[in-house]
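Asker: Structure provided below as structure tokens; questions to follow.
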Amino acid sequence: MDFSWIIPYRDLLLHGAVLTCVLLAISVTLGFGIAILLAVAQVGRSRFLRIAAKSYCTFFRGTPLLIQLWLIYYGLGSYLPHIPGLRGSFLWPVMREGVFFAAVALTLNFAAYQGEILRGTLLAVPKGELEAAKAAGMRPGMVLRRIWLPRAIRIGLPTFAGEVILQLKATPIVFSVTVMDLYGAAYKIRQDTLLVYEPLILVATFYVTLTFFITQVFKRFENALPTSR
Amino acid sequence: MPLNNDHMALTVRDVHKSYGTLEVLKGISLEAAKGDVVSIIGSSGSGKSTFLRCINFLEIPDAGSFRINGEDVEFRKGRDGKSQPSNWRQIERMRSGLGMVFQSFNLWPHMTILQNVIEAPVHVLKVDRKTAVEKAEGLLAKVGLYEKKDSYPAFLSGGQQQRASIARALCVDPAVMLFDEPTSALDPELVGEVLKVIRGLAEEGRTMLMVTHEMKFARDVSTRVMFLHQGQVEEVGPPSQVFGAPTSARCREFIAAGTH
């Protein structure tokens, strides 16, 4: 086993690790926000929104992430430069990078899965608790904000941890659109040093460690909310 | 607005409600003056819970007129031909003046007991939080739960949860309290503590409607008892009449079965 390459490549590795974490954080945070909208739309009264949200979830859960990423990178990516004014805007330096499309694909994909989970947990909130909120004079929006969503999110918390871990392990796919995440770094090291296993072992260790931390954080989070039902 | 109606907390006339072809309420009327304690009794399926739930519109009645705390509820015909409230804001305002206590407590498990109690005053009635907390603490002391105020509902017994939910209903100063079988989900040894709290409220002169299976309790605390059978009022009157000398044969049977 030869790990002497770690020191010379430390910047590349560190950069990759940070990028992996950033992609995870962005896609989980934004994805969760979109997921709330998707879930609420699916249990709401508007037929149009219900069908739209359902179709979205079906599409993004029913197609491989790799294909979504490529559709967004090559499809959206080749269309964006034709939007007047976009090339000159301050957003362009971000929007022309592969990492931008990677973040978009990961976010949209995560939102679909999480949206479907939240739809289920919204329906799992006991009806009586919502009736108590209505009986107290709350408007529908307030029932949703104060009672329904907070309860649904708590019910879904154990599954949420699992989804975040799955999302972490989905991130290496971004390497296929030129993003130098942690896996990208390992690939580059292999090319340079002709070492196959050592970089992969290091990368695997990193993912396991990060998974462990995510589990711990969620465990704390769950313990801090002592609602046994 | 006729002045002679001002002492009425609630006037409900001719309430009808069907689920599909099943007619659950076939024209029920009820008046409650301020300070009245009306017990609604009857066997399962007689429509008593549905009737109570129609009063704060958790069930939308198909027909009927409602005057609650001096305000008439306006209806309009919906697309399906059935009536529905024409103004949900009015319903929400009206609900905030009614305190509902459920059979299954329905406390919000993600909030502490105190947070449960101040939720409606702070967020619906926009009472200042400090005032609401003071009031809630007073009410929790009154139902014997002051020291549990920072606990979550899951850590309380059924009787404690029900007392907490009574405090929650009281914290909005309701014009009428609605109890939907408040002791039916409790273990027998916990029923007493809840009934004691409700009895205390009756003695304070609160206006209350109570669906209950506790016959002895209904007889003791009610000013009026209403016996429902198959969606109709079969017997109504002071407890001495309904329990002592009911005119309806159905009611007589029900009372006889309940007291043995």
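A note on labels: chains of the structure tokens are A, B, ... as shown, every chain counts residues from 1, and ligands are counted from 1 in their shown order.
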Could you tell me, as a ChimeraX atom specification, which residues of stretch 55-142 of chain B DSSP assigns to helix (DSSP H, G or I) when given the backbone?

Answerer: /B:55,88-95,113-124,129-142

Asker: Excluding A:Cys57 and its own-chain neighbours fewer than 6 positions away, which residues fall within 12 Å of it when counting only C-alpha atoms? Please give them as a PyMOL selection string.

Answerer: chain A and resi 34-35+37-39+41-42+50-51+63+108-119

Asker: Looking at only C-alpha atoms, which of A:Ala136, A:Ala185, A:Ile153, A:Val174 is the one that sits closest to chain B?

Answerer: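 Of the candidates, the smallest distance to chain B is held by A:Ala136.
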
Asker: Applying 12 Å and only C-alpha atoms, which residues near A:Glu222 remain after dropping the ones on its own chain fewer than 3 positions away? List them as a list in words.

Answerer: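 Using only C-alpha atoms, the neighbours found are Ile153, Arg154, Ile155, Gly156, Leu157, Pro158, Thr159, Phe160, Ala161, Thr215, Gln216, Val217, Phe218, Lys219, Leu225, Pro226, Thr227 and Ser228 of chain A; His110 of chain B.
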
Asker: Find the residues near B:Val15: any atom within 7 Å, counting only C-alpha atoms, skip ones fewer than 3 places away on the same chain, and give them as a ChimeraX atom specification.

Answerer: /B:25-29,61,63-64

Asker: Save the residues we just selected, N, CA and C atoms, as a PDB file, in the first residue's frame?

Answerer:
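Listed below is the output, part.pdb:
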ATOM      1  N   LEU B  25     -78.502  13.156  10.733  1.00  0.00           N
ATOM      2  CA  LEU B  25     -79.251  14.127  11.537  1.00  0.00           C
ATOM      3  C   LEU B  25     -80.512  14.514  10.773  1.00  0.00           C
ATOM      4  N   LYS B  26     -81.659  14.343  11.433  1.00  0.00           N
ATOM      5  CA  LYS B  26     -82.921  14.574  10.717  1.00  0.00           C
ATOM      6  C   LYS B  26     -83.669  15.757  11.292  1.00  0.00           C
ATOM      7  N   GLY B  27     -82.972  16.860  11.449  1.00  0.00           N
ATOM      8  CA  GLY B  27     -83.661  18.055  11.930  1.00  0.00           C
ATOM      9  C   GLY B  27     -83.578  18.191  13.437  1.00  0.00           C
ATOM     10  N   ILE B  28     -82.417  18.585  13.904  1.00  0.00           N
ATOM     11  CA  ILE B  28     -82.223  18.731  15.352  1.00  0.00           C
ATOM     12  C   ILE B  28     -82.113  20.204  15.702  1.00  0.00           C
ATOM     13  N   SER B  29     -82.813  20.598  16.748  1.00  0.00           N
ATOM     14  CA  SER B  29     -82.750  21.980  17.211  1.00  0.00           C
ATOM     15  C   SER B  29     -82.304  21.994  18.661  1.00  0.00           C
ATOM     16  N   PRO B  61     -73.046  20.995   8.012  1.00  0.00           N
ATOM     17  CA  PRO B  61     -74.438  20.543   7.950  1.00  0.00           C
ATOM     18  C   PRO B  61     -75.033  20.804   6.566  1.00  0.00           C
ATOM     19  N   ALA B  63     -78.261  21.373   6.095  1.00  0.00           N
ATOM     20  CA  ALA B  63     -79.257  22.422   6.283  1.00  0.00           C
ATOM     21  C   ALA B  63     -79.344  22.740   7.762  1.00  0.00           C
ATOM     22  N   GLY B  64     -79.905  23.900   8.063  1.00  0.00           N
ATOM     23  CA  GLY B  64     -80.042  24.303   9.454  1.00  0.00           C
ATOM     24  C   GLY B  64     -79.678  25.763   9.615  1.00  0.00           C
TER      25      GLY B  64
END

Asker: If the cut-off is 6 Å, can you tell me the residues of chain B near chain A, counting only C-alpha atoms? I'd like them as JSON, numbers by chain.

Answerer: {"B": [92, 95, 96, 106, 109, 120]}

Asker: May I have the residues from that selection written out with C-alpha atoms, as a PDB file, in the first residue's frame?

Answerer:
ATOM      1  CA  GLU B  92     -62.934  30.624  11.755  1.00  0.00           C
ATOM      2  CA  ARG B  95     -64.626  28.631  16.098  1.00  0.00           C
ATOM      3  CA  SER B  96     -62.106  30.702  17.994  1.00  0.00           C
ATOM      4  CA  ASN B 106     -55.783  15.731  20.150  1.00  0.00           C
ATOM      5  CA  PRO B 109     -47.455  16.288  20.280  1.00  0.00           C
ATOM      6  CA  ALA B 120     -54.618  29.616  19.888  1.00  0.00           C
TER       7      ALA B 120
END

Asker: Find the spatial neighbours of stretch 201-216 of chain B, counting only C-alpha atoms, within a cut-off of 9 Å - ignore same-chain residues fewer than 2 positions away - and output them as number ranges by chain.

Answerer: B: 9, 32-43, 48-49, 52, 174-184, 196-199, 218-222, 243, 255, 258-259

Asker: Take the residues from that selection and write them out as a CSV table (one decimal), in the first residue's frame, keeping N, CA and C atoms.

Answerer:
chain,number,residue,atom,x,y,z
B,9,ALA,N,-76.7,31.8,24.3
B,9,ALA,CA,-75.3,31.6,23.8
B,9,ALA,C,-75.4,30.9,22.5
B,32,ALA,N,-79.3,27.1,23.8
B,32,ALA,CA,-78.6,27.1,25.1
B,32,ALA,C,-78.5,28.5,25.6
B,33,ALA,N,-79.0,28.8,26.8
B,33,ALA,CA,-78.8,30.1,27.3
B,33,ALA,C,-77.4,30.2,28.0
B,34,LYS,N,-77.0,31.4,28.2
B,34,LYS,CA,-75.7,31.5,28.9
B,34,LYS,C,-75.7,30.8,30.2
B,35,GLY,N,-74.8,30.0,30.5
B,35,GLY,CA,-74.7,29.2,31.8
B,35,GLY,C,-75.4,27.9,31.7
B,36,ASP,N,-76.0,27.6,30.6
B,36,ASP,CA,-76.6,26.2,30.5
B,36,ASP,C,-75.5,25.1,30.3
B,37,VAL,N,-75.9,24.0,30.9
B,37,VAL,CA,-75.0,22.8,30.7
B,37,VAL,C,-75.9,21.8,30.1
B,38,VAL,N,-75.8,21.6,28.8
B,38,VAL,CA,-76.6,20.6,28.1
B,38,VAL,C,-75.9,19.3,27.8
B,39,SER,N,-76.4,18.2,28.3
B,39,SER,CA,-75.8,16.9,28.0
B,39,SER,C,-76.6,16.3,26.8
B,40,ILE,N,-75.8,15.8,25.9
B,40,ILE,CA,-76.4,15.1,24.8
B,40,ILE,C,-76.1,13.6,24.9
B,41,ILE,N,-77.2,12.8,25.1
B,41,ILE,CA,-77.0,11.4,25.3
B,41,ILE,C,-77.7,10.6,24.2
B,42,GLY,N,-77.4,9.3,24.1
B,42,GLY,CA,-78.0,8.5,23.1
B,42,GLY,C,-77.0,7.4,22.7
B,43,SER,N,-77.5,6.3,22.1
B,43,SER,CA,-76.7,5.2,21.8
B,43,SER,C,-75.7,5.5,20.6
B,48,LYS,N,-75.2,12.0,17.9
B,48,LYS,CA,-74.9,13.0,18.9
B,48,LYS,C,-73.5,13.7,18.7
B,49,SER,N,-72.5,12.9,18.3
B,49,SER,CA,-71.2,13.5,18.0
B,49,SER,C,-71.2,14.4,16.7
B,52,LEU,N,-72.8,17.7,17.5
B,52,LEU,CA,-71.8,18.6,18.2
B,52,LEU,C,-70.8,19.1,17.2
B,174,PRO,N,-63.8,30.8,25.8
B,174,PRO,CA,-64.9,30.5,24.9
B,174,PRO,C,-66.2,30.8,25.4
B,175,ALA,N,-67.1,31.2,24.5
B,175,ALA,CA,-68.5,31.5,24.9
B,175,ALA,C,-69.2,30.2,25.2
B,176,VAL,N,-68.9,29.2,24.5
B,176,VAL,CA,-69.5,27.9,24.7
B,176,VAL,C,-68.4,26.8,24.7
B,177,MET,N,-68.4,25.9,25.6
B,177,MET,CA,-67.5,24.8,25.6
B,177,MET,C,-68.2,23.6,25.0
B,178,LEU,N,-67.5,22.9,24.0
B,178,LEU,CA,-68.1,21.7,23.4
B,178,LEU,C,-67.2,20.5,23.9
B,179,PHE,N,-67.9,19.5,24.5
B,179,PHE,CA,-67.2,18.3,24.9
B,179,PHE,C,-67.7,17.1,24.1
B,180,ASP,N,-66.8,16.5,23.4
B,180,ASP,CA,-67.2,15.3,22.6
B,180,ASP,C,-66.7,14.0,23.3
B,181,GLU,N,-67.6,13.5,24.1
B,181,GLU,CA,-67.3,12.3,24.8
B,181,GLU,C,-65.9,12.4,25.5
B,182,PRO,N,-65.7,13.3,26.4
B,182,PRO,CA,-64.4,13.6,26.9
B,182,PRO,C,-63.8,12.5,27.8
B,183,THR,N,-64.6,11.6,28.2
B,183,THR,CA,-64.0,10.5,29.1
B,183,THR,C,-64.0,9.1,28.5
B,184,SER,N,-64.5,9.1,27.2
B,184,SER,CA,-64.7,7.7,26.6
B,184,SER,C,-63.4,7.0,26.3
B,196,LYS,N,-64.2,15.8,37.4
B,196,LYS,CA,-64.1,16.7,38.5
B,196,LYS,C,-63.8,18.1,37.9
B,197,VAL,N,-62.9,18.2,36.9
B,197,VAL,CA,-62.6,19.5,36.2
B,197,VAL,C,-63.8,20.0,35.5
B,198,ILE,N,-64.5,19.1,34.8
B,198,ILE,CA,-65.7,19.6,34.0
B,198,ILE,C,-66.8,20.0,35.0
B,199,ARG,N,-66.9,19.3,36.1
B,199,ARG,CA,-67.9,19.7,37.1
B,199,ARG,C,-67.6,21.1,37.6
B,218,ALA,N,-74.0,13.2,33.9
B,218,ALA,CA,-74.9,14.1,33.1
B,218,ALA,C,-76.1,14.5,34.0
B,219,ARG,N,-76.6,13.6,34.8
B,219,ARG,CA,-77.8,13.9,35.7
B,219,ARG,C,-77.4,14.9,36.7
B,220,ASP,N,-76.1,14.8,37.2
B,220,ASP,CA,-75.7,15.7,38.3
B,220,ASP,C,-75.5,17.1,37.8
B,221,VAL,N,-74.8,17.3,36.7
B,221,VAL,CA,-74.3,18.6,36.4
B,221,VAL,C,-75.1,19.4,35.3
B,222,SER,N,-76.0,18.6,34.6
B,222,SER,CA,-76.7,19.3,33.5
B,222,SER,C,-77.8,20.2,34.0
B,243,PHE,N,-84.2,11.6,33.1
B,243,PHE,CA,-83.8,10.4,33.8
B,243,PHE,C,-84.9,9.9,34.7
B,255,ILE,N,-82.1,4.7,29.3
B,255,ILE,CA,-81.8,5.0,30.7
B,255,ILE,C,-81.7,3.8,31.5
B,258,GLY,N,-78.6,1.9,30.8
B,258,GLY,CA,-77.4,2.6,31.2
B,258,GLY,C,-77.2,2.6,32.7
B,259,THR,N,-78.2,2.5,33.5
B,259,THR,CA,-78.0,2.6,34.9
B,259,THR,C,-77.9,1.2,35.6

Asker: Do you know which residues are at most 7 Å from stretch 26-28 of chain A counting only C-alpha atoms, after dropping those on the same chain fewer than 5 positions away, and could you put them as a PyMOL selection string?

Answerer: chain A and resi 103+106-107+110+164

Asker: Just to be explicit: take each residue in the selection above, keep N, CA and C atoms, and write the result as a compact mmCIF listing (two decimals), in the first residue's frame.

Answerer:
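Contents of again.txt, freshly written:
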# COMPACT_ATOMS: atom_id res chain seq x y z
N ALA A 103 -25.39 20.68 -9.29
CA ALA A 103 -26.20 21.08 -8.13
C ALA A 103 -27.68 21.08 -8.50
N LEU A 106 -28.90 17.37 -8.80
CA LEU A 106 -28.99 16.73 -7.49
C LEU A 106 -30.16 17.29 -6.69
N THR A 107 -30.36 18.60 -6.78
CA THR A 107 -31.44 19.24 -6.03
C THR A 107 -32.81 18.75 -6.52
N PHE A 110 -33.34 15.10 -5.52
CA PHE A 110 -33.59 14.94 -4.08
C PHE A 110 -35.01 15.42 -3.73
N VAL A 164 -30.64 11.55 3.12
CA VAL A 164 -29.44 12.38 3.03
C VAL A 164 -28.22 11.51 2.75

Asker: Find, counting only C-alpha atoms, the residue in B:Leu98, B:Pro188, B:Asp72, B:Trp108 that gets nearest to B:Ser86.

Answerer: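 Checking each candidate against B:Ser86, we get B:Asp72 as the closest.
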
Asker: What's the separation between atom CA of B:Pro238 and atom CA of B:Phe254, in Å to one decimal place?

Answerer: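 Spanning atom CA of B:Pro238 to atom CA of B:Phe254 is a straight-line distance of 16.5 Å.
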
Asker: List the spatial neighbours of B:Leu22 as a PyMOL selection string - criterion: any atom at most 12 Å away, only C-alpha atoms, same-chain residues fewer than 2 positions off excluded.

Answerer: chain B and resi 16-20+24-26+45-47+230-231

Asker: Mind pulling up the distance from atom CA of A:Arg87 to atom CA of A:Asp181?

Answerer: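 Result for atom CA of A:Asp181 versus atom CA of A:Arg87: 25.5 Å, one decimal.
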
Asker: Smallest atom-to-atom distance to A:Thr178: which of A:Ala102, A:Gly62, A:Gln191, A:Leu123, using only C-alpha atoms?

Answerer: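 Among the listed residues, the smallest separation from A:Thr178 belongs to A:Ala102.
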